[in-house]
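Chemist: What follows is the file query01.cif, containing mmCIF, C-alpha atoms:
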data_data
loop_
_atom_site.label_atom_id
_atom_site.label_comp_id
_atom_site.auth_asym_id
_atom_site.auth_seq_id
_atom_site.Cartn_x
_atom_site.Cartn_y
_atom_site.Cartn_z
CA MET M 101 74.34 -71.62 218.39
CA SER M 102 71.13 -73.03 219.83
CA PRO M 103 68.63 -75.00 217.73
CA ILE M 104 66.03 -72.28 218.29
CA ALA M 105 68.39 -69.60 217.00
CA ARG M 106 69.18 -71.66 213.92
CA SER M 107 65.48 -72.22 213.32
CA THR M 108 64.76 -68.50 213.66
CA GLY M 109 67.43 -67.77 211.06
CA ARG M 110 65.91 -70.29 208.67
CA GLU M 111 62.45 -68.78 209.11
CA GLN M 112 63.74 -65.33 208.28
CA TRP M 113 65.46 -66.63 205.17
CA ILE M 114 62.27 -68.38 204.06
CA GLY M 115 60.25 -65.21 204.68
CA MET M 116 62.77 -63.21 202.65
CA LEU M 117 62.61 -65.81 199.89
CA GLY M 118 58.83 -65.46 199.82
CA PHE M 119 58.88 -61.67 199.68
CA PHE M 120 61.57 -61.28 197.03
CA ALA M 121 60.18 -64.09 194.89
CA LEU M 122 56.66 -62.63 194.95
CA PHE M 123 57.49 -58.97 194.35
CA PRO M 124 60.93 -58.05 192.95
CA GLY M 125 61.05 -61.52 191.40
CA PHE M 126 57.75 -60.87 189.62
CA PHE M 127 59.05 -57.54 188.29
CA PHE M 128 62.32 -58.94 186.98
CA TYR M 129 60.67 -62.06 185.52
CA HIS M 130 58.20 -59.98 183.50
CA THR M 131 60.97 -57.61 182.45
CA ALA M 132 62.92 -60.54 180.99
CA LEU M 133 59.71 -61.87 179.44
CA GLY M 134 58.82 -58.50 177.92
CA LEU M 135 62.30 -58.05 176.47
CA GLY M 136 62.19 -61.50 174.89
CA LYS M 137 65.03 -62.85 177.02
CA ILE M 138 62.99 -65.82 178.26
CA PRO M 139 59.75 -67.57 177.30
CA ALA M 140 56.83 -67.69 179.71
CA VAL M 141 58.22 -70.71 181.54
CA LEU M 142 56.12 -69.82 184.60
CA GLY M 143 53.14 -68.42 182.74
CA GLY M 144 52.00 -65.22 184.45
CA TYR M 145 54.40 -66.10 187.32
CA PHE M 146 52.43 -65.08 190.41
CA ALA M 147 49.99 -67.99 190.61
CA PRO M 148 52.46 -70.86 190.04
CA VAL M 149 55.10 -69.30 192.28
CA SER M 150 52.50 -68.75 195.02
CA LEU M 151 51.37 -72.36 194.81
CA LEU M 152 54.99 -73.51 195.10
CA LEU M 153 55.74 -71.20 198.03
CA LEU M 154 52.62 -71.86 200.12
CA PRO M 155 53.64 -75.28 201.57
CA LEU M 156 57.13 -74.03 202.38
CA LEU M 157 55.96 -70.81 204.04
CA PHE M 158 53.24 -72.61 205.98
CA PHE M 159 55.64 -75.29 207.20
CA PHE M 160 58.10 -72.79 208.65
CA TYR M 161 55.38 -70.57 210.11
CA ALA M 162 53.78 -73.58 211.81
CA GLY M 163 57.20 -74.63 213.09
CA LYS M 164 57.73 -71.20 214.64
CA VAL M 165 54.31 -71.36 216.32
CA ARG M 166 55.13 -74.80 217.76
CA GLN M 167 58.36 -73.43 219.25
CA ASP M 168 56.82 -70.23 220.55
CA ARG M 169 53.08 -70.19 221.21
CA ASN M 170 53.20 -66.43 221.71
CA TYR M 171 54.11 -66.07 218.04
CA LEU M 172 50.49 -66.83 217.13
CA GLY M 173 49.02 -63.49 218.12
CA LYS M 174 45.44 -62.25 218.12
CA THR M 175 46.06 -60.51 214.81
CA ASP M 176 47.13 -63.79 213.22
CA VAL M 177 44.03 -65.54 214.52
CA ALA M 178 41.71 -62.76 213.31
CA PHE M 179 43.28 -62.87 209.85
CA PHE M 180 43.02 -66.67 209.61
CA LEU M 181 39.39 -66.53 210.73
CA TYR M 182 38.63 -63.99 208.01
CA LEU M 183 40.26 -66.18 205.37
CA ALA M 184 38.39 -69.22 206.69
CA TYR M 185 35.09 -67.33 206.50
CA PHE M 186 35.89 -66.16 202.97
CA ALA M 187 36.90 -69.68 201.91
CA LEU M 188 33.64 -71.06 203.32
CA ILE M 189 31.63 -68.55 201.26
CA VAL M 190 33.57 -69.50 198.13
CA VAL M 191 33.16 -73.26 198.63
CA VAL M 192 29.45 -73.06 199.40
CA ASN M 193 28.78 -70.95 196.32
CA ALA M 194 30.99 -73.13 194.15
CA LEU M 195 28.93 -76.17 195.16
CA ALA M 196 25.80 -74.16 194.35
CA GLY M 197 27.04 -73.59 190.80
CA ALA M 198 28.75 -70.18 190.92
CA LYS M 199 30.90 -69.07 187.99
CA MET M 200 34.11 -71.08 188.18
CA ALA M 201 36.25 -68.24 186.84
CA ILE M 202 35.29 -66.10 189.83
CA VAL M 203 35.60 -69.03 192.24
CA THR M 204 39.12 -69.71 190.94
CA ASN M 205 40.09 -66.04 191.24
CA HIS M 206 38.87 -65.96 194.83
CA LEU M 207 40.72 -69.13 195.79
CA LEU M 208 43.90 -67.70 194.29
CA GLY M 209 43.24 -64.44 196.13
CA ILE M 210 43.12 -66.35 199.43
CA ILE M 211 46.41 -68.06 198.62
CA PHE M 212 48.02 -64.76 197.61
CA MET M 213 46.96 -62.99 200.82
CA LEU M 214 48.12 -65.94 202.90
CA ASN M 215 51.51 -66.09 201.21
CA VAL M 216 52.07 -62.36 201.62
CA PHE M 217 51.11 -62.64 205.29
CA PHE M 218 53.65 -65.43 205.87
CA ALA M 219 56.37 -63.58 203.95
CA PHE M 220 55.91 -60.36 205.92
CA ARG M 221 55.44 -62.18 209.22
CA MET M 222 58.66 -64.19 208.99
CA GLY M 223 60.78 -62.08 206.65
CA ALA M 224 62.06 -59.59 209.28
CA PRO M 225 62.19 -56.56 206.95
CA GLY M 226 64.09 -54.64 209.63
CA GLU M 227 67.11 -56.94 209.32
CA ARG M 228 70.09 -55.42 207.51
CA ARG M 229 70.25 -58.04 204.76
CA PHE M 230 66.55 -57.61 203.99
CA ARG M 231 66.85 -53.82 203.87
CA LEU M 232 69.87 -53.87 201.59
CA MET M 233 68.19 -56.31 199.22
CA ALA M 234 65.04 -54.17 199.19
CA LEU M 235 67.06 -51.03 198.38
CA GLY M 236 68.96 -52.86 195.66
CA SER M 237 65.72 -54.17 194.19
CA LEU M 238 64.22 -50.67 194.17
CA LEU M 239 67.23 -49.29 192.32
CA GLY M 240 67.10 -52.15 189.81
CA MET M 241 63.38 -51.73 189.17
CA SER M 242 63.69 -47.97 188.77
CA ALA M 243 66.60 -48.39 186.37
CA ILE M 244 64.49 -50.74 184.23
CA VAL M 245 61.55 -48.32 184.17
CA PHE M 246 63.74 -45.39 183.17
CA ALA M 247 65.70 -47.38 180.60
CA TYR M 248 62.71 -48.82 178.74
CA ALA M 249 60.23 -45.95 179.01
CA VAL M 250 58.85 -44.74 175.70
CA ASP M 251 57.41 -41.23 175.46
CA GLY M 252 57.39 -40.89 179.22
CA ALA M 253 55.60 -44.17 179.92
CA PHE M 254 56.83 -47.65 180.81
CA TYR M 255 55.11 -50.66 179.29
CA LEU M 256 56.99 -53.48 177.60
CA ALA M 257 54.21 -54.86 175.39
CA PRO M 258 54.52 -52.17 172.64
CA LEU M 259 58.18 -53.11 172.17
CA GLY M 260 56.96 -56.30 170.47
CA THR M 261 59.88 -58.35 171.74
CA ALA M 262 58.02 -60.67 174.12
CA LYS M 263 57.96 -64.32 173.05
CA ASN M 264 54.66 -64.85 174.89
CA PRO M 265 52.96 -61.43 174.98
CA GLU M 266 49.71 -62.92 176.31
CA SER M 267 51.52 -63.74 179.57
CA LEU M 268 53.10 -60.31 180.02
CA ALA M 269 51.96 -58.42 183.12
CA SER M 270 50.14 -55.11 182.88
CA TYR M 271 51.41 -51.93 184.49
CA GLN M 272 49.45 -52.80 187.64
CA GLY M 273 51.61 -55.86 188.25
CA PHE M 274 54.84 -53.91 187.88
CA SER M 275 53.60 -51.08 190.10
CA ARG M 276 52.37 -53.50 192.77
CA SER M 277 55.83 -55.05 193.06
CA TYR M 278 57.42 -51.63 193.29
CA LEU M 279 55.02 -50.30 195.93
CA PHE M 280 55.47 -53.33 198.22
CA THR M 281 59.26 -53.07 197.98
CA PHE M 282 59.21 -49.31 198.52
CA ALA M 283 57.01 -49.67 201.62
CA VAL M 284 59.36 -52.04 203.43
CA ALA M 285 62.44 -50.04 202.44
CA ILE M 286 61.19 -46.59 203.42
CA ALA M 287 59.76 -47.65 206.79
CA TYR M 288 63.22 -48.57 208.13
CA THR M 289 65.10 -45.64 206.61
CA ARG M 290 66.02 -43.33 209.48
CA ALA M 291 68.22 -40.88 207.53
CA LEU M 292 66.08 -38.01 206.19
CA SER M 293 68.37 -37.46 203.20
CA LEU M 294 67.98 -41.06 202.08
CA ARG M 295 64.21 -40.94 202.59
CA LEU M 296 63.97 -37.83 200.41
CA LEU M 297 66.01 -39.56 197.73
CA LEU M 298 63.73 -42.62 197.84
CA TYR M 299 60.61 -40.45 197.67
CA GLY M 300 61.87 -38.77 194.52
CA LEU M 301 62.94 -42.07 192.99
CA ALA M 302 59.62 -43.79 193.76
CA ALA M 303 57.48 -40.87 192.61
CA SER M 304 59.23 -40.62 189.25
CA THR M 305 59.24 -44.40 188.76
CA LEU M 306 55.56 -44.89 189.51
CA PHE M 307 54.66 -41.84 187.43
CA ILE M 308 56.46 -43.26 184.41
CA ASN M 309 54.88 -46.63 185.14
CA THR M 310 51.47 -44.86 184.78
CA ALA M 311 50.14 -46.45 187.98
CA ARG M 312 47.65 -43.98 189.42
CA SER M 313 46.56 -45.91 192.51
CA GLU M 314 50.07 -46.92 193.55
CA PHE M 315 51.36 -43.42 192.80
CA ALA M 316 48.69 -41.92 195.04
CA ALA M 317 49.39 -44.52 197.77
CA MET M 318 53.10 -43.71 197.70
CA LEU M 319 52.42 -39.98 198.01
CA PHE M 320 50.00 -40.71 200.86
CA MET M 321 52.77 -42.47 202.76
CA ILE M 322 55.10 -39.46 202.72
CA PRO M 323 53.32 -37.22 205.27
CA ILE M 324 52.45 -40.26 207.42
CA ILE M 325 56.11 -41.26 207.67
CA GLU M 326 57.59 -37.78 207.94
CA LEU M 327 55.14 -36.64 210.61
CA TYR M 328 56.02 -39.78 212.54
CA TYR M 329 59.78 -39.39 212.42
CA THR M 330 59.92 -35.65 213.10
CA ARG M 331 59.95 -34.27 216.63
CA GLN M 332 58.35 -31.02 215.41
CA LYS M 333 55.03 -32.32 214.13
CA VAL M 334 53.29 -28.93 213.96
CA LEU M 335 56.19 -27.47 211.99
CA MET M 336 56.25 -30.45 209.62
CA ALA M 337 52.48 -30.24 209.08
CA THR M 338 52.92 -26.54 208.26
CA VAL M 339 55.64 -27.38 205.75
CA PHE M 340 53.41 -29.94 204.02
CA LEU M 341 50.53 -27.46 203.89
CA PHE M 342 52.82 -24.83 202.39
CA LEU M 343 54.10 -27.27 199.76
CA VAL M 344 50.57 -28.26 198.78
CA GLN M 345 49.58 -24.62 198.39
CA MET M 346 52.67 -23.87 196.31
CA ILE M 347 52.04 -26.83 194.03
CA TYR M 348 48.39 -25.81 193.61
CA ALA M 349 49.32 -22.22 192.82
CA ASN M 350 51.85 -23.30 190.17
CA LEU M 351 50.01 -26.37 188.93
CA ALA M 352 49.67 -25.29 185.31
CA GLN M 353 53.39 -24.55 185.00
CA LEU M 354 54.32 -27.85 186.67
CA LEU M 355 52.03 -29.83 184.37
CA SER M 356 53.58 -28.22 181.29
CA MET M 357 56.94 -29.63 182.39
CA LEU M 358 55.63 -33.21 182.67
CA PRO M 359 55.08 -35.65 179.81
CA SER M 360 51.53 -36.70 178.98
CA ASN M 361 50.62 -39.51 181.33
CA ARG M 362 47.47 -41.19 182.62
CA VAL M 363 48.60 -40.48 186.19
CA LEU M 364 47.65 -36.85 185.55
CA GLU M 365 44.02 -38.00 185.32
CA LEU M 366 44.09 -37.96 189.14
CA LEU M 367 43.74 -34.18 188.89
CA ASP M 368 40.44 -34.49 187.02
CA LEU M 369 38.81 -37.91 187.24
CA SER M 370 35.78 -36.72 185.27
CA HIS M 371 37.85 -37.13 182.11
CA SER M 372 39.18 -40.55 183.08
CA THR M 373 37.63 -43.48 181.22
CA SER M 374 38.83 -45.87 183.91
CA ALA M 375 37.39 -43.75 186.73
CA ASN M 376 34.04 -43.51 184.95
CA THR M 377 33.97 -47.27 184.47
CA ARG M 378 34.75 -47.82 188.13
CA HIS M 379 31.93 -45.46 189.08
CA GLN M 380 29.51 -47.51 186.99
CA LEU M 381 30.74 -50.74 188.60
CA SER M 382 30.33 -49.21 192.07
CA THR M 383 26.76 -48.21 191.17
CA TYR M 384 26.10 -51.79 190.05
CA ALA M 385 27.52 -53.06 193.36
CA LEU M 386 25.26 -50.70 195.34
CA ASN M 387 22.24 -52.00 193.43
CA SER M 388 23.25 -55.58 194.26
CA ILE M 389 23.70 -54.67 197.93
CA ALA M 390 20.27 -52.98 198.00
CA GLN M 391 18.66 -56.18 196.70
CA PHE M 392 20.69 -58.57 198.88
CA PRO M 393 21.84 -56.51 201.89
CA VAL M 394 22.65 -59.37 204.27
CA PHE M 395 24.20 -62.21 202.29
CA GLY M 396 25.23 -60.32 199.17
CA ASP M 397 24.98 -61.72 195.66
CA TYR M 398 28.07 -63.83 195.10
CA ALA M 399 29.49 -63.87 191.54
CA SER M 400 26.52 -61.94 190.16
CA TYR M 401 28.79 -60.14 187.70
CA SER M 402 30.92 -61.21 184.77
CA PRO M 403 34.54 -62.11 185.59
CA GLY M 404 36.57 -58.92 185.91
CA LEU M 405 33.55 -56.63 186.18
CA TYR M 406 33.67 -56.20 189.94
CA SER M 407 33.51 -53.06 192.04
CA HIS M 408 37.02 -51.70 192.44
CA ASN M 409 36.60 -50.87 196.12
CA VAL M 410 35.60 -52.47 199.39
CA LEU M 411 31.95 -52.70 198.29
CA SER M 412 33.10 -55.78 196.39
CA ALA M 413 33.42 -57.54 199.77
CA TRP M 414 29.76 -56.82 200.54
CA VAL M 415 28.63 -58.14 197.16
CA ASP M 416 30.57 -61.40 197.42
CA THR M 417 30.66 -62.11 201.17
CA GLY M 418 27.68 -60.22 202.55
CA ILE M 419 27.56 -57.55 205.21
CA PHE M 420 29.42 -59.75 207.69
CA GLY M 421 32.36 -60.20 205.33
CA PHE M 422 32.35 -56.49 204.56
CA LEU M 423 32.49 -55.58 208.26
CA PHE M 424 34.99 -58.38 208.93
CA VAL M 425 37.59 -57.14 206.45
CA LEU M 426 37.25 -53.53 207.60
CA GLY M 427 37.30 -54.61 211.24
CA ILE M 428 40.55 -56.56 211.07
CA LEU M 429 42.22 -53.52 209.49
CA ILE M 430 40.75 -50.60 211.42
CA VAL M 431 40.10 -51.99 214.92
CA PRO M 432 43.80 -52.73 215.67
CA ALA M 433 44.92 -49.55 213.93
CA ILE M 434 43.11 -47.20 216.33
CA PRO M 435 44.94 -48.19 219.55
CA LEU M 436 48.11 -48.65 217.52
CA PHE M 437 47.90 -45.02 216.44
CA PHE M 438 47.39 -43.58 219.91
CA LYS M 439 50.01 -45.79 221.55
CA GLY M 440 52.70 -45.66 218.90
CA TYR M 441 52.42 -42.67 216.59
CA PHE M 442 53.21 -40.07 219.25
CA ALA M 443 55.61 -42.19 221.30
CA HIS M 444 59.11 -40.85 221.94
CA TYR M 445 60.62 -44.10 220.71
CA ARG M 446 60.76 -44.43 216.90
CA SER M 447 60.12 -47.88 215.50
CA GLY M 448 60.39 -49.07 211.91
CA GLU M 449 58.09 -51.95 212.80
CA PHE M 450 55.39 -49.54 213.94
CA ILE M 451 55.50 -47.18 210.97
CA LEU M 452 55.57 -50.09 208.52
CA ALA M 453 52.39 -51.49 210.08
CA PHE M 454 50.64 -48.14 210.36
CA SER M 455 51.56 -46.83 206.90
CA LEU M 456 50.57 -50.15 205.29
CA CYS M 457 47.23 -49.95 207.09
CA CYS M 458 46.66 -46.38 205.85
CA ILE M 459 47.36 -47.12 202.20
CA THR M 460 45.42 -50.40 202.34
CA VAL M 461 42.32 -48.61 203.60
CA LEU M 462 42.85 -45.81 201.06
CA LEU M 463 43.07 -48.23 198.14
CA LEU M 464 40.16 -50.35 199.36
CA LEU M 465 38.00 -47.24 199.51
CA THR M 466 39.02 -45.95 196.09
CA SER M 467 40.28 -48.55 193.67
CA HIS M 468 41.34 -52.02 194.87
CA TYR M 469 39.41 -55.27 195.18
CA PHE M 470 38.78 -56.78 198.60
CA THR M 471 41.29 -59.60 197.99
CA ASP M 472 44.11 -57.05 197.83
CA MET M 473 47.40 -58.56 199.01
CA LEU M 474 48.08 -55.42 201.03
CA ILE M 475 45.60 -56.83 203.55
CA GLY M 476 47.91 -59.77 204.25
CA ALA M 477 50.94 -57.48 204.47
CA THR M 478 49.17 -55.12 206.89
CA MET M 479 47.99 -57.90 209.18
CA ALA M 480 51.46 -59.45 209.27
CA ALA M 481 53.08 -56.08 210.04
CA PHE M 482 50.54 -55.49 212.84
CA SER M 483 51.32 -58.88 214.33
CA SER M 484 55.09 -58.50 214.04
CA TYR M 485 55.02 -55.12 215.75
CA ARG M 486 52.88 -56.41 218.63
CA TYR M 487 55.03 -59.50 219.04
CA GLY M 488 58.18 -57.41 219.05
CA MET M 489 56.79 -55.08 221.69
CA THR M 490 55.70 -57.83 224.06
CA HIS M 491 57.79 -60.95 223.43
CA ALA M 492 60.86 -60.30 221.28
CA HIS M 493 64.20 -60.14 223.08
CA HIS M 494 65.84 -57.68 220.72
CA ARG M 495 64.92 -54.99 218.23
CA THR M 496 66.39 -54.79 214.75
CA SER M 497 68.22 -51.66 213.70
CA ASP M 498 66.99 -49.23 211.09
CA ILE M 499 68.77 -47.61 208.17
CA GLY M 500 70.41 -44.47 209.42
CA PRO M 501 72.73 -43.17 212.10
CA SER M 502 73.04 -45.26 215.22
CA ALA M 503 72.90 -43.98 218.77
CA PRO M 504 76.09 -42.24 220.01
CA ARG M 505 78.62 -44.52 221.64
CA HIS M 506 81.01 -43.74 224.45
CA PRO M 507 84.40 -45.38 225.05
CA HIS M 508 83.82 -45.40 228.80
CA LEU M 509 80.79 -45.96 230.97
CA ARG M 510 81.39 -42.71 232.84
CA GLN M 511 80.93 -40.70 229.63
CA ALA M 512 77.57 -42.34 228.89
CA MET M 513 76.45 -42.18 232.54
CA PRO M 514 78.27 -39.30 234.27
CA GLY M 515 76.88 -40.28 237.66
CA ALA M 516 77.94 -43.90 237.47
CA GLY M 517 80.19 -45.07 240.23
CA THR M 518 79.77 -42.02 242.47
CA ALA M 519 79.18 -42.61 246.11
CA ARG M 520 75.64 -42.17 247.34
CA ILE M 521 74.53 -41.27 250.84
#
Please, can you express the file's structure as C-alpha cells?

Modeler:
Amino acid sequence: MSPIARSTGREQWIGMLGFFALFPGFFFYHTALGLGKIPAVLGGYFAPVSLLLLPLLFFFYAGKVRQDRNYLGKTDVAFFLYLAYFALIVVVNALAGAKMAIVTNHLLGIIFMLNVFFAFRMGAPGERRFRLMALGSLLGMSAIVFAYAVDGAFYLAPLGTAKNPESLASYQGFSRSYLFTFAVAIAYTRALSLRLLLYGLAASTLFINTARSEFAAMLFMIPIIELYYTRQKVLMATVFLFLVQMIYANLAQLLSMLPSNRVLELLDLSHSTSANTRHQLSTYALNSIAQFPVFGDYASYSPGLYSHNVLSAWVDTGIFGFLFVLGILIVPAIPLFFKGYFAHYRSGEFILAFSLCCITVLLLLTSHYFTDMLIGATMAAFSSYRYGMTHAHHRTSDIGPSAPRHPHLRQAMPGAGTARI
C-alpha cells in the first residue's frame, strides 16, 4: 500500500473519530451522566472534547491539503474566510470591552463549527464502516429515548439520578446529536424500505425527545430525499400532497392518539411560550439593526437573550457578516440544485450536501443561532461533493442494492466482441 493511501485511511479514521465523539459520543456521555453511571468528568462534554479534537483534526486536514492541493476547494476557502471575519469581529469587540460571556460563547462557536467541518470533510460518511456505525448509533440512541421516556417525553433530569445535574445536557443537545447522525445515515440509504424504517424511527424518537426544531428539520428532509431518489418526481410530489391533505383532514383524531408533548406546539405557535419569547427577541434584534444597520451592535444583549434566527448574525457581525453567512450557504446551493438534483446519477454525497443546506437555512430562518454547527457540516458536505465530482478517483457505495453483475462480459455488453465493418 502506498504512503498516500495509508494517509488517506488515517484521515478518514480521524474524521470518523471527530464525528462520533462530537455527536453520538455526546449523547451516550450525557445518558450515562443522567443515569448516575458516571460523574461529570468532562463537564458539559462538548467544549472540552472540541478543544481536544481541534489540533488533531487540523493536523490531518492540513496534511491532506499538503498532499493534494485540490483538496482545498473554493468552498473550504469561503468557509475559512467567514470564520476569520467572524473571529476578527469577536477579537476587536473583546478588546473594546464587550461582555466576556458572549465573547467566550462566540469563540467556542467558531471552534465547534470548525471541528464539525473537519469531521465531515475527512470522515467519508459514504464509507461502509461509517454508515454501519451511524446506523448502530441511531438504534442505540432511539433505544435510550424509548427506554427512559416518562409520560411520552424523554429528559433525564427529572429522574434525579445524575451525580452532577448542573452539567446534564438539555433536550436540545440530545436532539442535535440525533439529527446529525440521522442526516448522514439517511443520505446514503438507497433501499426505500430501510429509509421508511429510519423515517419512522427518527420521527418517533425526536417527538419523544420534545425537540420541535429538529423534529421539523427531520420531516423537512423526507420530501427532499424522496423526490431526489425517485424517478417519478411528479407522482411522488402527488403522493406527498395527498398525505398532507389526509393528515390535515384527520388531524384531530391523530392528535388524540398522541401523548401530550411540546412538539405539538408546532401546530399552533401562538400558544407556545418559547415561540412568543423568540418573537420578542427577534423584535429586539430588528430594533438593534434599525439603529446600527451597517456594523450591528455586538453583544448588546444579555448572554443567552439573542435572536434565535439569522438576524443574530446581523446584530453581532453587521450586514456584511449577515450576507456572508447566507452567501456561503445559498450561493453554492443554487448551481448544485440545478446540476445535481435532476441528474440521472444518484449520489449520496450530493443529497447529503443539499439536504443539510436545506435544513440549515430552514433552522437559521426560524430558530437557530448563526453559530449553528450545521453550517460547518453543510460547507464540508458541499466541498466533499465537489471534490468527489472533479478530483476523486472512486466513489463510495451507498446502503442498498448494488448494480446487477454479469458472469461474462458478453451478458453485460451484448455487442462486445462482434465484428464491425

Chemist: Using all atoms listed in the file, which of the listed residues (M:Ser360, M:Lys174, M:Ile189, M:Pro323) sits closest to Asp251 of chain M?

Modeler: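 Of all the options, M:Ser360 lies closest to Asp251 of chain M.
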
Chemist: What is the distance between atom CA of Glu111 of chain M and atom CA of Met479 of chain M, in Å to one decimal?

Modeler: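 Computing it gives 18.1 Å between the two atoms.
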
Chemist: For each of M:Lys137, M:Lys439, M:Arg166, M:Arg446, take the minimum atom-to-atom distance to Arg290 of chain M, counting only C-alpha atoms, then give the residue where this is smallest.

Modeler: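 Using only C-alpha atoms, the shortest distance to Arg290 of chain M belongs to M:Arg446.
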
Chemist: So, counting all atoms listed in the file, which residue among M:Leu436, M:Met241, M:Leu135, M:Leu296 is closest to Ile322 of chain M?

Modeler: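 When distances to Ile322 of chain M are compared using all atoms listed in the file, the smallest one comes from M:Leu296.
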
Chemist: Counting all atoms listed in the file, what is within 12 Å of Gly163 of chain M, bar same-chain residues fewer than 3 positions away, as a list of chain:residue names?

Modeler: M:Ile104, M:Ser107, M:Thr108, M:Arg110, M:Glu111, M:Leu156, M:Leu157, M:Phe158, M:Phe159, M:Phe160, M:Arg166, M:Gln167, M:Asp168, M:Arg169, M:Tyr171, M:Leu172, M:Met222

Chemist: Write out as a PyMOL selection string the residues lying within 12 Å of Ala302 of chain M, counting all atoms listed in the file and excluding same-chain residues fewer than 2 positions away.

Modeler: chain M and resi 235+238-243+245-246+275+277-283+285-286+295-300+304-309+311+314-319+321-322

Chemist: Around all listed atoms of segment 272-288 of chain M, padded 3 Å per side, what centre and edge lengths does the axis-aligned box have in Å to one decimal, as JSON?

Modeler:
{"center_x": 56.3, "center_y": -51.2, "center_z": 197.9, "size_x": 19.8, "size_y": 15.3, "size_z": 26.5}

Chemist: Up to 10 Å from (67.8, -65.6, 207.1) in the file's coordinates: name the residues, counting only C-alpha atoms, as a PyMOL selection string.

Modeler: chain M and resi 106-117+222-224+227+229-230

Chemist: Contacts of Ser455 of chain M at 9 Å or less, counting all atoms listed in the file, minus same-chain residues fewer than 5 places along, as a ChimeraX atom specification?

Modeler: /M:283,287,320-321,324-325,450,460,478

Chemist: Would you export the selected residues with C-alpha atoms as an mmCIF file, keeping the file's coordinate frame, please?

Modeler:
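File again_3.cif, as written:
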data_model
loop_
_atom_site.group_PDB
_atom_site.id
_atom_site.type_symbol
_atom_site.label_atom_id
_atom_site.label_comp_id
_atom_site.auth_asym_id
_atom_site.auth_seq_id
_atom_site.Cartn_x
_atom_site.Cartn_y
_atom_site.Cartn_z
ATOM 1 C CA ALA M 283 57.010 -49.670 201.620
ATOM 2 C CA ALA M 287 59.760 -47.650 206.790
ATOM 3 C CA PHE M 320 50.000 -40.710 200.860
ATOM 4 C CA MET M 321 52.770 -42.470 202.760
ATOM 5 C CA ILE M 324 52.450 -40.260 207.420
ATOM 6 C CA ILE M 325 56.110 -41.260 207.670
ATOM 7 C CA PHE M 450 55.390 -49.540 213.940
ATOM 8 C CA THR M 460 45.420 -50.400 202.340
ATOM 9 C CA THR M 478 49.170 -55.120 206.890
#

Chemist: If the PyMOL selection byres ((chain M and resi 182) around 12) is run on the structure shown, which residues does it catch, given as a VMD selection string?

Modeler: chain M and resid 175 to 181 183 to 189 210 213 to 214 413 417 420 to 429 470 to 471 475 to 476 479

Chemist: Using all atoms listed in the file, pick whichever of M:Gln380, M:Gln332, M:Leu364, M:Tyr406 has the shortest atom-to-atom distance to Phe442 of chain M.

Modeler: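 For Phe442 of chain M, the nearest of the given residues is M:Gln332.
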